[in-house]
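What follows is a single structure, written as C-alpha cells, with notes after it.
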Amino acid sequence: MKARYLEVVPHAKKLGMIMERYEPGTGECTIRQPFREELIGDPVRRVVHGGVITTLLDTLGGSCVAARGGVMPQATL
C-alpha cells in the first residue's frame, strides 16, 4: 500500500509528494513534499504556497486514516 497510496491521489502525484513511512494498523505516516521553484507562493520570502502546505496536511491526514485500516475511502477537507 505504501508504494501505491500517493500514486492514486492525483494532486499528491502532481505535487510530487513522497510517502516516507506508512505503518498499516497503526495510523502512522510521514509524507515529504520536496521543494520546487513552481511551488513558491511568496517570491519575496521564497516560501511554499499555503495551498501546497494545506494539501500536504490534508493528504497526510487521509493517509494516516487509511493506514489505521477498516476505513472506506472518503473526501477530505
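Chain labels follow the order of the C-alpha cells: the first chain is A, the next B, and so on; residue numbering restarts at 1 in every chain, and ligands are counted from 1 in their shown order.
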Open item on the list: List the spatial neighbours of range 31-42 of chain A as JSON, numbers by chain - criterion: any atom at most 8 Å away, only C-alpha atoms, same-chain residues fewer than 5 positions off excluded.
Closed with: {"A": [15, 16, 17, 18, 19, 20, 21, 47, 48, 49, 50, 52, 56, 60]}
How would the residues just picked look written out with N, CA, C and O atoms as a PDB file, in the first residue's frame?
```
ATOM      1  N   LEU A  15       1.990  17.174  -7.264  1.00  0.00           N
ATOM      2  CA  LEU A  15       2.875  17.969  -6.421  1.00  0.00           C
ATOM      3  C   LEU A  15       4.199  17.264  -6.118  1.00  0.00           C
ATOM      4  O   LEU A  15       5.140  17.896  -5.671  1.00  0.00           O
ATOM      5  N   GLY A  16       4.249  15.964  -6.364  1.00  0.00           N
ATOM      6  CA  GLY A  16       5.490  15.218  -6.140  1.00  0.00           C
ATOM      7  C   GLY A  16       5.690  14.752  -4.705  1.00  0.00           C
ATOM      8  O   GLY A  16       6.821  14.524  -4.270  1.00  0.00           O
ATOM      9  N   MET A  17       4.600  14.597  -3.963  1.00  0.00           N
ATOM     10  CA  MET A  17       4.708  14.128  -2.574  1.00  0.00           C
ATOM     11  C   MET A  17       5.317  12.739  -2.535  1.00  0.00           C
ATOM     12  O   MET A  17       5.090  11.923  -3.426  1.00  0.00           O
ATOM     13  N   ILE A  18       6.054  12.485  -1.468  1.00  0.00           N
ATOM     14  CA  ILE A  18       6.726  11.199  -1.300  1.00  0.00           C
ATOM     15  C   ILE A  18       6.339  10.602   0.047  1.00  0.00           C
ATOM     16  O   ILE A  18       6.484  11.254   1.088  1.00  0.00           O
ATOM     17  N   MET A  19       5.834   9.366   0.027  1.00  0.00           N
ATOM     18  CA  MET A  19       5.485   8.671   1.259  1.00  0.00           C
ATOM     19  C   MET A  19       6.775   8.111   1.862  1.00  0.00           C
ATOM     20  O   MET A  19       7.410   7.234   1.296  1.00  0.00           O
ATOM     21  N   GLU A  20       7.162   8.655   3.001  1.00  0.00           N
ATOM     22  CA  GLU A  20       8.377   8.203   3.683  1.00  0.00           C
ATOM     23  C   GLU A  20       8.101   7.013   4.597  1.00  0.00           C
ATOM     24  O   GLU A  20       8.946   6.142   4.737  1.00  0.00           O
ATOM     25  N   ARG A  21       6.950   7.055   5.230  1.00  0.00           N
ATOM     26  CA  ARG A  21       6.609   5.976   6.169  1.00  0.00           C
ATOM     27  C   ARG A  21       5.110   5.759   6.140  1.00  0.00           C
ATOM     28  O   ARG A  21       4.334   6.715   6.117  1.00  0.00           O
ATOM     29  N   VAL A  47       8.861  31.309   0.072  1.00  0.00           N
ATOM     30  CA  VAL A  47       8.234  30.240   0.849  1.00  0.00           C
ATOM     31  C   VAL A  47       7.189  29.528   0.000  1.00  0.00           C
ATOM     32  O   VAL A  47       6.616  30.110  -0.926  1.00  0.00           O
ATOM     33  N   VAL A  48       6.950  28.289   0.330  1.00  0.00           N
ATOM     34  CA  VAL A  48       5.976  27.468  -0.394  1.00  0.00           C
ATOM     35  C   VAL A  48       4.569  28.029  -0.171  1.00  0.00           C
ATOM     36  O   VAL A  48       4.222  28.478   0.924  1.00  0.00           O
ATOM     37  N   HIS A  49       3.765  27.980  -1.219  1.00  0.00           N
ATOM     38  CA  HIS A  49       2.382  28.467  -1.190  1.00  0.00           C
ATOM     39  C   HIS A  49       1.595  27.747  -0.092  1.00  0.00           C
ATOM     40  O   HIS A  49       1.740  26.535   0.103  1.00  0.00           O
ATOM     41  N   GLY A  50       0.748  28.496   0.593  1.00  0.00           N
ATOM     42  CA  GLY A  50      -0.059  27.926   1.672  1.00  0.00           C
ATOM     43  C   GLY A  50      -0.972  26.804   1.213  1.00  0.00           C
ATOM     44  O   GLY A  50      -1.260  25.872   1.972  1.00  0.00           O
ATOM     45  N   VAL A  52      -0.233  24.536  -0.953  1.00  0.00           N
ATOM     46  CA  VAL A  52       0.579  23.314  -1.019  1.00  0.00           C
ATOM     47  C   VAL A  52       0.714  22.722   0.386  1.00  0.00           C
ATOM     48  O   VAL A  52       0.578  21.506   0.572  1.00  0.00           O
ATOM     49  N   LEU A  56      -0.697  19.172   1.643  1.00  0.00           N
ATOM     50  CA  LEU A  56       0.180  18.196   2.295  1.00  0.00           C
ATOM     51  C   LEU A  56      -0.433  17.702   3.602  1.00  0.00           C
ATOM     52  O   LEU A  56      -0.506  16.490   3.856  1.00  0.00           O
ATOM     53  N   LEU A  60      -1.768  13.972   4.267  1.00  0.00           N
ATOM     54  CA  LEU A  60      -1.180  13.218   5.378  1.00  0.00           C
ATOM     55  C   LEU A  60      -2.272  12.689   6.305  1.00  0.00           C
ATOM     56  O   LEU A  60      -2.244  11.525   6.708  1.00  0.00           O
TER      57      LEU A  60
END
```
Open item on the list: Which of chain A end up as helix (DSSP H, G or I) when DSSP is run on this backbone - answer as a PyMOL selection string?
Closed with: chain A and resi 2-8+10-15+37-39+50-68
Which residues are near Pro24 in chain A? Cut-off 7 Å, only C-alpha atoms, ignore same chain within fewer than 3 positions. Put them as a PDB file with N, CA and C atoms, in the first residue's frame.
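Output (part.pdb):
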```pdb
ATOM      1  N   GLY A  27      -1.777   3.680  11.913  1.00  0.00           N
ATOM      2  CA  GLY A  27      -2.181   5.025  11.523  1.00  0.00           C
ATOM      3  C   GLY A  27      -1.024   6.008  11.479  1.00  0.00           C
ATOM      4  N   ALA A  67      -4.023   4.217   6.820  1.00  0.00           N
ATOM      5  CA  ALA A  67      -3.054   3.307   7.449  1.00  0.00           C
ATOM      6  C   ALA A  67      -3.628   2.660   8.705  1.00  0.00           C
ATOM      7  N   ARG A  68      -4.557   3.339   9.335  1.00  0.00           N
ATOM      8  CA  ARG A  68      -5.195   2.784  10.534  1.00  0.00           C
ATOM      9  C   ARG A  68      -6.019   1.549  10.178  1.00  0.00           C
ATOM     10  N   GLY A  69      -6.589   1.560   8.953  1.00  0.00           N
ATOM     11  CA  GLY A  69      -7.341   0.400   8.470  1.00  0.00           C
ATOM     12  C   GLY A  69      -8.810   0.441   8.798  1.00  0.00           C
TER      13      GLY A  69
END
```
